[in-house]
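J.: Sharing final_32.txt (compact mmCIF, C-alpha atoms and all ligand atoms) below.
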```txt
# COMPACT_ATOMS: atom_id res chain seq x y z
CA MET A 60 235.94 39.24 -9.22
CA LYS A 61 237.86 42.49 -9.59
CA THR A 62 240.58 43.66 -7.18
CA VAL A 63 241.72 47.26 -6.74
CA LYS A 64 244.73 47.90 -4.50
CA VAL A 65 244.83 51.05 -2.38
CA ASN A 66 248.34 52.14 -1.44
CA ALA A 67 247.71 54.75 1.25
CA SER A 68 249.59 54.95 4.59
CA LYS A 69 248.36 51.38 4.77
CA SER A 70 247.90 49.12 1.71
CA TYR A 71 244.77 47.07 1.31
CA ASN A 72 242.67 45.37 -1.32
CA VAL A 73 239.18 46.28 -2.44
CA LEU A 74 237.51 43.09 -3.68
CA ILE A 75 234.42 43.47 -5.86
CA GLY A 76 232.39 40.50 -7.05
CA ASP A 77 229.33 38.30 -6.92
CA ARG A 78 228.63 36.27 -3.73
CA LEU A 79 231.83 37.39 -1.98
CA LEU A 80 230.13 37.42 1.46
CA GLU A 81 229.96 33.63 1.27
CA ARG A 82 233.78 33.67 1.31
CA LEU A 83 234.16 36.49 3.84
CA GLY A 84 236.00 34.27 6.36
CA GLU A 85 238.62 33.28 3.82
CA TYR A 86 239.35 36.90 2.80
CA VAL A 87 239.28 38.18 6.40
CA ASN A 88 241.82 35.51 7.29
CA GLU A 89 244.11 36.61 4.43
CA ALA A 90 243.81 40.26 5.50
CA VAL A 91 244.03 40.16 9.31
CA GLY A 92 244.73 36.57 10.36
CA LYS A 93 243.32 35.05 13.54
CA CYS A 94 241.55 37.40 15.97
CA ARG A 95 238.11 38.08 17.49
CA LEU A 96 235.67 39.97 15.30
CA CYS A 97 232.92 42.43 16.16
CA ILE A 98 230.37 42.61 13.35
CA VAL A 99 228.67 46.01 13.23
CA THR A 100 225.53 46.20 11.13
CA ASP A 101 222.03 47.73 11.02
CA ASP A 102 218.70 46.01 11.61
CA LYS A 103 217.82 45.91 7.90
CA VAL A 104 221.14 44.45 6.74
CA ASP A 105 221.24 42.14 9.76
CA ALA A 106 218.03 40.41 8.62
CA LEU A 107 219.39 39.97 5.10
CA TYR A 108 223.11 39.21 5.33
CA SER A 109 224.42 38.63 8.86
CA GLU A 110 223.70 34.92 8.75
CA CYS A 111 225.68 34.43 5.53
CA ALA A 112 228.59 36.53 6.85
CA GLU A 113 228.61 34.81 10.27
CA ARG A 114 228.44 31.33 8.71
CA SER A 115 231.46 32.08 6.53
CA LEU A 116 233.41 33.59 9.44
CA ARG A 117 232.57 30.64 11.73
CA SER A 118 233.66 28.13 9.12
CA SER A 119 237.02 29.92 8.98
CA GLY A 120 237.30 29.55 12.76
CA TYR A 121 236.32 33.08 13.85
CA GLU A 122 234.56 33.92 17.10
CA THR A 123 232.20 36.85 16.56
CA GLU A 124 230.06 39.32 18.52
CA LYS A 125 227.47 41.49 16.86
CA PHE A 126 226.42 45.11 17.44
CA VAL A 127 223.25 46.21 15.61
CA ILE A 128 222.15 49.82 15.09
CA LYS A 129 218.87 51.08 13.66
CA ASN A 130 218.98 51.59 9.89
CA GLY A 131 219.32 55.20 8.75
CA GLU A 132 221.38 58.39 8.97
CA ALA A 133 219.85 59.27 12.36
CA SER A 134 222.00 56.47 13.88
CA LYS A 135 225.25 58.12 12.79
CA ASN A 136 225.68 60.07 16.00
CA THR A 137 227.78 60.28 19.14
CA THR A 138 225.27 58.17 21.10
CA SER A 139 225.77 55.20 18.73
CA LEU A 140 229.53 55.78 18.80
CA ILE A 141 229.74 55.66 22.58
CA ALA A 142 227.38 52.65 22.72
CA LEU A 143 229.63 50.79 20.27
CA LEU A 144 232.79 51.68 22.20
CA GLU A 145 231.18 50.48 25.45
CA PHE A 146 230.11 47.27 23.70
CA LEU A 147 233.69 46.64 22.53
CA ALA A 148 235.00 47.24 26.04
CA GLU A 149 232.32 45.13 27.79
CA ASN A 150 233.12 42.28 25.42
CA ARG A 151 236.84 42.66 26.09
CA PHE A 152 237.97 43.30 22.54
CA THR A 153 241.72 43.85 22.49
CA ARG A 154 244.13 45.73 20.26
CA SER A 155 244.67 42.62 18.13
CA ASP A 156 240.95 42.27 17.35
CA CYS A 157 239.00 43.68 14.47
CA ILE A 158 235.62 45.22 13.53
CA VAL A 159 233.71 44.09 10.44
CA ALA A 160 231.39 46.84 9.16
CA LEU A 161 228.58 45.08 7.32
CA GLY A 162 226.26 47.66 5.78
CA GLY A 163 226.06 51.03 4.07
CA GLY A 164 227.79 54.34 4.71
CA VAL A 165 226.32 54.89 8.17
CA VAL A 166 227.56 51.54 9.46
CA GLY A 167 230.95 51.97 7.74
CA ASP A 168 231.58 55.52 8.95
CA LEU A 169 230.51 54.74 12.52
CA SER A 170 232.48 51.48 12.69
CA GLY A 171 235.58 53.07 11.20
CA PHE A 172 235.46 55.90 13.76
CA ALA A 173 235.03 53.42 16.63
CA ALA A 174 237.91 51.31 15.26
CA GLY A 175 240.04 54.45 14.95
CA VAL A 176 239.65 55.47 18.59
CA TYR A 177 238.97 52.26 20.54
CA LEU A 178 242.19 51.49 22.46
CA ARG A 179 243.72 54.24 20.27
CA GLY A 180 243.06 52.22 17.13
CA ILE A 181 242.16 48.68 16.14
CA ARG A 182 241.76 47.17 12.67
CA PHE A 183 238.53 47.15 10.71
CA ILE A 184 237.11 45.67 7.55
CA GLN A 185 234.49 47.24 5.33
CA ALA A 186 231.83 45.00 3.76
CA PRO A 187 229.68 47.61 1.97
CA THR A 188 226.12 46.59 1.04
CA THR A 189 225.02 49.78 -0.74
CA LEU A 190 226.31 51.25 -3.99
CA LEU A 191 227.21 54.50 -2.26
CA ALA A 192 229.34 52.72 0.33
CA ALA A 193 230.92 50.49 -2.32
CA VAL A 194 232.08 53.33 -4.58
CA ASP A 195 232.85 55.96 -1.99
CA SER A 196 232.57 55.77 1.78
CA SER A 197 234.11 52.31 2.33
CA VAL A 198 237.35 53.29 0.57
CA GLY A 199 239.88 55.89 1.66
CA GLY A 200 239.71 55.87 5.44
CA LYS A 201 237.40 58.79 6.18
CA THR A 202 235.27 57.94 9.18
CA ALA A 203 232.79 60.13 11.04
CA VAL A 204 229.59 60.72 12.93
CA ASP A 205 227.24 63.69 12.54
CA LEU A 206 226.90 66.46 15.12
CA GLU A 207 223.87 68.72 15.66
CA ALA A 208 225.63 71.42 13.61
CA GLY A 209 226.20 69.26 10.54
CA LYS A 210 227.18 66.06 8.85
CA ASN A 211 230.50 64.28 9.48
CA LEU A 212 231.77 66.97 11.85
CA ALA A 213 233.58 64.50 14.13
CA GLY A 214 235.79 61.71 12.83
CA VAL A 215 239.28 60.37 12.19
CA PHE A 216 241.25 59.14 9.19
CA HIS A 217 241.59 55.39 9.67
CA GLN A 218 242.18 53.06 6.73
CA PRO A 219 240.46 49.66 6.65
CA SER A 220 242.45 46.42 6.33
CA LEU A 221 240.18 45.11 3.57
CA VAL A 222 237.11 46.20 1.63
CA LEU A 223 234.93 43.34 0.41
CA CYS A 224 232.03 44.32 -1.82
CA ASP A 225 229.57 41.54 -2.63
CA THR A 226 227.66 42.92 -5.64
CA ARG A 227 224.82 40.48 -4.92
CA THR A 228 223.87 42.61 -1.90
CA LEU A 229 222.96 45.46 -4.27
CA ASP A 230 220.08 43.34 -5.65
CA THR A 231 218.02 43.88 -2.49
CA LEU A 232 218.47 47.69 -2.42
CA ASP A 233 215.41 49.93 -2.79
CA GLU A 234 215.58 51.81 -6.10
CA ARG A 235 215.92 55.03 -4.12
CA ILE A 236 219.00 53.77 -2.24
CA PHE A 237 220.54 52.47 -5.47
CA SER A 238 219.96 55.90 -7.07
CA ASP A 239 221.77 57.47 -4.13
CA GLY A 240 224.91 55.53 -5.03
CA CYS A 241 224.48 56.49 -8.70
CA ALA A 242 225.01 60.14 -7.67
CA GLU A 243 228.52 59.25 -6.43
CA VAL A 244 229.22 57.14 -9.54
CA ILE A 245 228.24 60.05 -11.82
CA LYS A 246 230.35 62.35 -9.62
CA TYR A 247 233.56 60.42 -10.47
CA ALA A 248 232.77 60.71 -14.19
CA ILE A 249 232.16 64.48 -13.98
CA ILE A 250 235.36 64.98 -11.96
CA ASN A 251 237.79 63.38 -14.40
CA ASP A 252 236.42 60.69 -16.68
CA LYS A 253 234.45 61.89 -19.69
CA PRO A 254 234.53 58.46 -21.45
CA MET A 255 232.98 56.94 -18.30
CA PHE A 256 230.30 59.69 -18.36
CA GLU A 257 229.42 58.67 -21.94
CA ARG A 258 229.27 54.97 -20.96
CA LEU A 259 227.02 55.70 -17.97
CA LYS A 260 224.41 57.10 -20.38
CA GLY A 261 223.85 53.45 -21.36
CA GLY A 262 222.89 52.56 -17.74
CA ILE A 263 224.73 51.89 -14.49
CA LYS A 264 223.25 48.53 -13.44
CA SER A 265 224.14 46.49 -16.50
CA ASP A 266 227.87 46.23 -15.74
CA ILE A 267 227.93 47.05 -12.04
CA GLU A 268 231.14 45.18 -11.16
CA ARG A 269 233.10 47.19 -13.74
CA VAL A 270 231.42 50.48 -12.73
CA ILE A 271 232.31 49.94 -9.05
CA ALA A 272 235.88 48.90 -9.88
CA GLU A 273 236.37 52.01 -12.05
CA CYS A 274 235.04 54.32 -9.33
CA VAL A 275 237.21 52.65 -6.68
CA ALA A 276 240.26 52.91 -8.96
CA HIS A 277 239.59 56.67 -9.34
CA LYS A 278 239.22 57.04 -5.59
CA ALA A 279 242.35 54.99 -4.88
CA GLU A 280 244.41 57.18 -7.20
CA ILE A 281 243.21 60.35 -5.46
CA VAL A 282 243.59 58.94 -1.92
CA GLU A 283 247.13 57.75 -2.69
CA LYS A 284 248.09 61.32 -3.70
CA ASP A 285 246.27 63.09 -0.86
CA GLU A 286 245.16 60.76 1.91
CA PHE A 287 244.50 63.55 4.42
CA ASP A 288 242.36 65.78 2.22
CA ARG A 289 244.62 68.79 1.92
CA GLY A 290 244.75 68.93 -1.88
CA CYS A 291 243.34 66.89 -4.75
CA ARG A 292 241.11 64.72 -2.52
CA GLN A 293 238.89 67.78 -2.23
CA LEU A 294 237.83 67.04 -5.83
CA LEU A 295 235.70 64.24 -4.36
CA ASN A 296 233.63 66.93 -2.67
CA LEU A 297 232.03 67.94 -5.97
CA GLY A 298 228.46 68.95 -5.11
CA HIS A 299 229.01 68.13 -1.43
CA THR A 300 229.23 71.56 0.23
CA VAL A 301 225.85 72.59 -1.18
CA GLY A 302 224.69 68.96 -0.89
CA HIS A 303 225.41 68.84 2.85
CA ALA A 304 223.57 72.17 3.21
CA ILE A 305 220.54 70.65 1.46
CA GLU A 306 220.65 67.61 3.77
CA LEU A 307 220.85 69.90 6.79
CA CYS A 308 218.02 72.20 5.58
CA SER A 309 215.83 69.12 5.06
CA GLY A 310 216.49 67.77 8.56
CA LEU A 311 218.21 64.81 6.82
CA THR A 312 215.03 63.83 4.95
CA VAL A 313 216.74 64.48 1.58
CA SER A 314 219.19 61.60 1.09
CA HIS A 315 222.93 62.14 0.59
CA GLY A 316 222.89 61.04 -3.07
CA SER A 317 219.90 63.22 -3.92
CA ALA A 318 221.54 66.17 -2.19
CA VAL A 319 224.84 65.59 -4.04
CA ALA A 320 222.97 65.45 -7.37
CA ILE A 321 221.16 68.73 -6.66
CA GLY A 322 224.36 70.29 -5.27
CA THR A 323 226.32 69.30 -8.40
CA VAL A 324 223.65 70.82 -10.64
CA ILE A 325 223.72 74.09 -8.64
CA ILE A 326 227.53 74.30 -8.88
CA THR A 327 227.50 73.46 -12.60
CA ARG A 328 224.79 76.05 -13.31
CA ALA A 329 226.86 78.66 -11.46
CA SER A 330 229.85 77.60 -13.56
CA VAL A 331 227.77 78.15 -16.73
CA ALA A 332 226.77 81.61 -15.45
CA LEU A 333 230.46 82.42 -14.88
CA GLY A 334 231.30 81.29 -18.43
CA TYR A 335 233.47 78.31 -17.37
CA THR A 336 231.33 75.52 -18.80
CA SER A 337 228.58 75.21 -21.38
CA GLU A 338 224.79 75.04 -21.09
CA ASP A 339 224.96 71.81 -23.13
CA GLU A 340 227.18 70.12 -20.54
CA LEU A 341 224.83 71.25 -17.76
CA CYS A 342 221.92 69.68 -19.69
CA GLN A 343 223.87 66.41 -20.09
CA ILE A 344 224.59 66.33 -16.34
CA ILE A 345 220.95 67.02 -15.42
CA SER A 346 219.77 64.38 -17.87
CA LEU A 347 222.18 61.70 -16.53
CA PHE A 348 221.14 62.37 -12.92
CA LYS A 349 217.46 62.21 -13.93
CA SER A 350 217.95 58.95 -15.83
CA ALA A 351 219.46 57.49 -12.62
CA GLY A 352 216.28 58.48 -10.73
CA LEU A 353 217.85 61.47 -8.96
CA PRO A 354 216.32 64.90 -8.31
CA THR A 355 217.95 68.00 -9.78
CA ASP A 356 215.76 70.87 -8.51
CA CYS A 357 216.47 72.57 -5.20
CA PRO A 358 213.60 73.31 -2.80
CA TYR A 359 215.65 75.81 -0.70
CA SER A 360 216.64 79.45 -1.17
CA ALA A 361 220.22 80.69 -1.54
CA GLU A 362 219.98 82.26 1.93
CA GLU A 363 218.88 78.98 3.57
CA LEU A 364 221.65 77.04 1.81
CA PHE A 365 224.25 79.66 2.69
CA SER A 366 223.43 79.57 6.36
CA ALA A 367 223.61 75.74 6.45
CA ALA A 368 226.76 75.61 4.27
CA THR A 369 228.76 77.93 6.51
CA ALA A 370 228.65 75.30 9.27
CA ASP A 371 230.46 72.95 6.84
CA LYS A 372 233.93 71.82 7.94
CA LYS A 373 235.45 72.47 4.49
CA ARG A 374 235.40 76.17 5.34
CA GLU A 375 238.90 77.53 5.96
CA GLY A 376 238.79 80.82 7.88
CA ASP A 377 237.12 83.41 5.69
CA SER A 378 237.20 81.37 2.51
CA ILE A 379 235.56 78.22 1.24
CA THR A 380 236.75 75.83 -1.48
CA LEU A 381 234.15 74.50 -3.88
CA ILE A 382 234.80 72.06 -6.72
CA LEU A 383 233.80 73.57 -10.02
CA PRO A 384 233.21 71.77 -13.33
CA TYR A 385 235.05 73.43 -16.23
CA GLY A 386 233.44 70.78 -18.45
CA ILE A 387 232.52 67.12 -17.97
CA GLY A 388 235.67 65.27 -16.86
CA ASN A 389 237.46 68.47 -15.86
CA CYS A 390 236.83 69.75 -12.33
CA LYS A 391 239.07 72.07 -10.32
CA PRO A 392 239.01 73.64 -6.86
CA TYR A 393 237.51 77.13 -6.76
CA LYS A 394 238.23 79.19 -3.66
CA LEU A 395 235.97 82.09 -2.82
CA PRO A 396 235.40 84.36 0.17
CA VAL A 397 232.60 83.08 2.40
CA SER A 398 230.95 86.50 1.97
CA GLU A 399 230.44 85.71 -1.74
CA LEU A 400 229.05 82.20 -1.29
CA CYS A 401 225.40 83.26 -1.09
CA LYS A 402 225.68 85.20 -4.37
CA PHE A 403 227.44 82.20 -5.95
CA ILE A 404 224.70 79.78 -4.87
CA ARG A 405 222.05 82.19 -6.18
CA LYS A 406 223.67 81.96 -9.65
CA GLY A 407 223.21 78.19 -9.52
CA LEU A 408 219.53 78.08 -8.53
N1 LIG A 501 233.85 60.99 0.30
C1 LIG A 501 234.88 61.87 -0.03
C2 LIG A 501 236.23 61.38 0.39
O1 LIG A 501 236.39 60.23 0.77
O2 LIG A 501 237.16 62.14 0.35
```
For the structure just supplied, provide its representation as structure tokens.

T.:
Amino acid sequence: MKTVKVNASKSYNVLIGDRLLERLGEYVNEAVGKCRLCIVTDDKVDALYSECAERSLRSSGYETEKFVIKNGEASKNTTSLIALLEFLAENRFTRSDCIVALGGGVVGDLSGFAAGVYLRGIRFIQAPTTLLAAVDSSVGGKTAVDLEAGKNLAGVFHQPSLVLCDTRTLDTLDERIFSDGCAEVIKYAIINDKPMFERLKGGIKSDIERVIAECVAHKAEIVEKDEFDRGCRQLLNLGHTVGHAIELCSGLTVSHGSAVAIGTVIITRASVALGYTSEDELCQIISLFKSAGLPTDCPYSAEELFSAATADKKREGDSITLILPYGIGNCKPYKLPVSELCKFIRKGL
């Protein structure tokens, strides 16, 4: 098992290892002590892992309730949020109780938001069961639901009390969902870890515990410097502004990881056109995404992407900050007027 400590406004451990769900009760007890727990999960994960999690929690003396949403991004909305808040209230959860988010990014983001606002804030624990949630969304305290106008447009910063990642749960992931997480893994390497980028060329699955721990360590370092996303945390948005636009244009049928991969390629190609990075590095990035089973070609025009991207919350007044690769392992913020974004995207297509 590997442990990464996150020292944000609240300190907590990220535990990564095989069969950790079987010991969930023990670790929950160390992190939050005795309380009532509300497990939040989706129907797919419920069938696979709730029993194991509940057994472990029961044997550590926990009383649990369970709230199950339908699997998929379409559940990450205000209707699910309100339903979860009503469920917590109906079941008389108090300020000393705690939510356990058992699932991928949708479950984690929704649960974290509910925990952040229910009774003005209760504790929550992340038990990510997808690679994407393990390396990114479960760590760092960003929580959200989607609005009609775009992804993650409503949310709060609320740090978990513990993140417990049982790597065994990744064995049951569809290849496509695993690939989604690979996009975020490759993102960390492009941002600031060239040696990791070289290692990933040898495959991501073979040493998954180490890969997850390295990604989480990168994220922890960034979150500790800029928890509230005013400065260097924006580096984690590499490929995301265009990626979110792609998701929106597709009516959420293109997955987050696929969209981030395509978005990163567009940004890198624009960076090549501007003379900031080389064609060779772009080819290496495309080839690594492809080897992880991710798409790299964009089915939308610059105009379509521009119109979707301008609804993105990262826009600040008349300017927008993108994260630009100046080489693999060397990304920096790049601020440009919104009026120039369409032209910029066109360079990357
Ligand atoms: N997923 C990007 C962040 O946590 O800042």

J.: Each residue of chain A with at least one atom at most 8 Å from ligand LIG 501 (chain A) should appear once, together with its nearest atom pair and the corresponding distance in Å (one decimal); atoms considered: all atoms listed in the file; ordering: chain, then increasing residue number; output as CSV.

T.:
```
residue,atom,partner,partner_atom,distance
A:Asp195,CA,A:LIG501,N1,5.6
A:Ser196,CA,A:LIG501,N1,5.6
A:Val198,CA,A:LIG501,O1,7.0
A:Gly199,CA,A:LIG501,O1,5.6
A:Gly200,CA,A:LIG501,O1,7.2
A:Lys201,CA,A:LIG501,O1,5.7
A:Lys278,CA,A:LIG501,O1,7.7
A:Val282,CA,A:LIG501,O2,7.5
A:Asp288,CA,A:LIG501,O2,6.6
A:Arg292,CA,A:LIG501,O2,5.5
A:Gln293,CA,A:LIG501,O2,6.4
A:Leu294,CA,A:LIG501,O2,7.9
A:Leu295,CA,A:LIG501,C1,5.0
A:Asn296,CA,A:LIG501,C1,5.8
```

J.: At what distance in Å, to one decimal, does CA of Thr327 (chain A) lie from CA of Leu341 (chain A)?

T.: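 Result for CA of Leu341 (chain A) versus CA of Thr327 (chain A): 6.2 Å, one decimal.
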
J.: For Lys135 (chain A), find every residue with an atom within 6 Å (counting all atoms listed in the file), except residues of its own chain fewer than 3 positions away, and show them as a PyMOL selection string.

T.: chain A and resi 132+165+204-205

J.: If you count only C-alpha atoms, which residues fall within 12 Å of Ile141 (chain A), apart from same-chain ones fewer than 6 positions away, as a short mmCIF file (atom, residue, chain, number, x, y, z; two decimals) with C-alpha atoms, in the coordinates of the input?

T.:
```cif
data_model
loop_
_atom_site.label_atom_id
_atom_site.label_comp_id
_atom_site.auth_asym_id
_atom_site.auth_seq_id
_atom_site.Cartn_x
_atom_site.Cartn_y
_atom_site.Cartn_z
CA SER A 134 222.00 56.47 13.88
CA LYS A 135 225.25 58.12 12.79
CA LEU A 147 233.69 46.64 22.53
CA ALA A 148 235.00 47.24 26.04
CA LEU A 169 230.51 54.74 12.52
CA SER A 170 232.48 51.48 12.69
CA PHE A 172 235.46 55.90 13.76
CA ALA A 173 235.03 53.42 16.63
CA ALA A 174 237.91 51.31 15.26
CA VAL A 176 239.65 55.47 18.59
CA TYR A 177 238.97 52.26 20.54
CA VAL A 204 229.59 60.72 12.93
#
```

J.: List the spatial neighbours of Gly162 (chain A) as a VMD selection string - criterion: any atom at most 9 Å away, all atoms listed in the file, same-chain residues fewer than 2 positions off excluded.

T.: chain A and resid 99 to 101 103 to 105 160 164 to 167 185 to 189 192

J.: In Å to one decimal, how far is CA of Thr380 (chain A) from CA of Ser398 (chain A)?

T.: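 Separation of CA of Ser398 (chain A) and CA of Thr380 (chain A): 12.6 Å.
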
J.: If I take CA of Gly120 (chain A) and CA of Ile184 (chain A), how far is one from the other in Å, to one decimal?

T.: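 Separation of CA of Gly120 (chain A) and CA of Ile184 (chain A): 16.9 Å.
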
J.: When you count all atoms listed in the file, which of these residues is closest to Ala133 (chain A): A:Thr300, A:Thr153, A:Ser346, A:Ser314?

T.: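 The closest residue to Ala133 (chain A) is A:Ser314.
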
J.: Using all atoms listed in the file - which residues lie no farther than 12 Å from the point (246.0, 68.5, -6.1) in the file's frame? Write them as a ChimeraX atom specification.

T.: /A:280-295,382,390-392

J.: Which is closest to Phe237 (chain A) among A:Ser317, A:Ser119, A:Ser68, A:Asn211, if we use all atoms listed in the file?

T.: A:Ser317

J.: Counting all atoms listed in the file, which residue out of A:Leu223, A:Val331, A:Ile98, A:Leu395 sits closest to Lys61 (chain A)?

T.: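 Closest candidate: A:Leu223.
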
J.: Looking at only C-alpha atoms, which of A:Asn251, A:Leu353, A:Arg227, A:Pro219 is the one that sits closest to Asn66 (chain A)?

T.: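 Of the candidates, the smallest distance to Asn66 (chain A) is held by A:Pro219.
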
J.: Up to 12 Å from (230.7, 59.0, -20.9) in the file's coordinates: name the residues, counting all atoms listed in the file, as a list in words.

T.: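 Here is the list of nearby residues: Val244, Ile245, Lys246, Tyr247, Ala248, Ile249, Ile250, Asn251, Asp252, Lys253, Pro254, Met255, Phe256, Glu257, Arg258, Leu259, Lys260, Gly261, Gly262, Ile263, Val270, Glu340, Gln343, Ile344, Leu347, Ile387 and Gly388 of chain A.
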
J.: Would you pick out the contacts of Arg114 (chain A) at 10 Å or less, using all atoms listed in the file, so that residues sharing its chain but fewer than 6 positions from it are not included, and give the list as a list of chain:residue names?

T.: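 So, after excluding close chain neighbours, the residues are A:Leu80, A:Glu81, A:Arg82, A:Leu83, A:Gly84, A:Gly120, A:Tyr121.
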
J.: Can I get the selected residues back with C-alpha atoms, as a CSV table (one decimal), in the frame of the given file?

T.:
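This is the output file part_8.csv:
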```csv
chain,number,residue,atom,x,y,z
A,80,LEU,CA,230.1,37.4,1.5
A,81,GLU,CA,230.0,33.6,1.3
A,82,ARG,CA,233.8,33.7,1.3
A,83,LEU,CA,234.2,36.5,3.8
A,84,GLY,CA,236.0,34.3,6.4
A,120,GLY,CA,237.3,29.6,12.8
A,121,TYR,CA,236.3,33.1,13.8
```

J.: Ranking A:Asn150, A:Ser238, A:Leu408, A:Gly76 by minimum distance to Asp266 (chain A) and counting only C-alpha atoms, which one comes first?

T.: A:Gly76

J.: Which residues are close to Ser220 (chain A), i.e. within 7 Å by all atoms listed in the file, leaving aside same-chain residues fewer than 2 positions away? Reply as a ChimeraX atom specification.

T.: /A:71,90,182-184,218
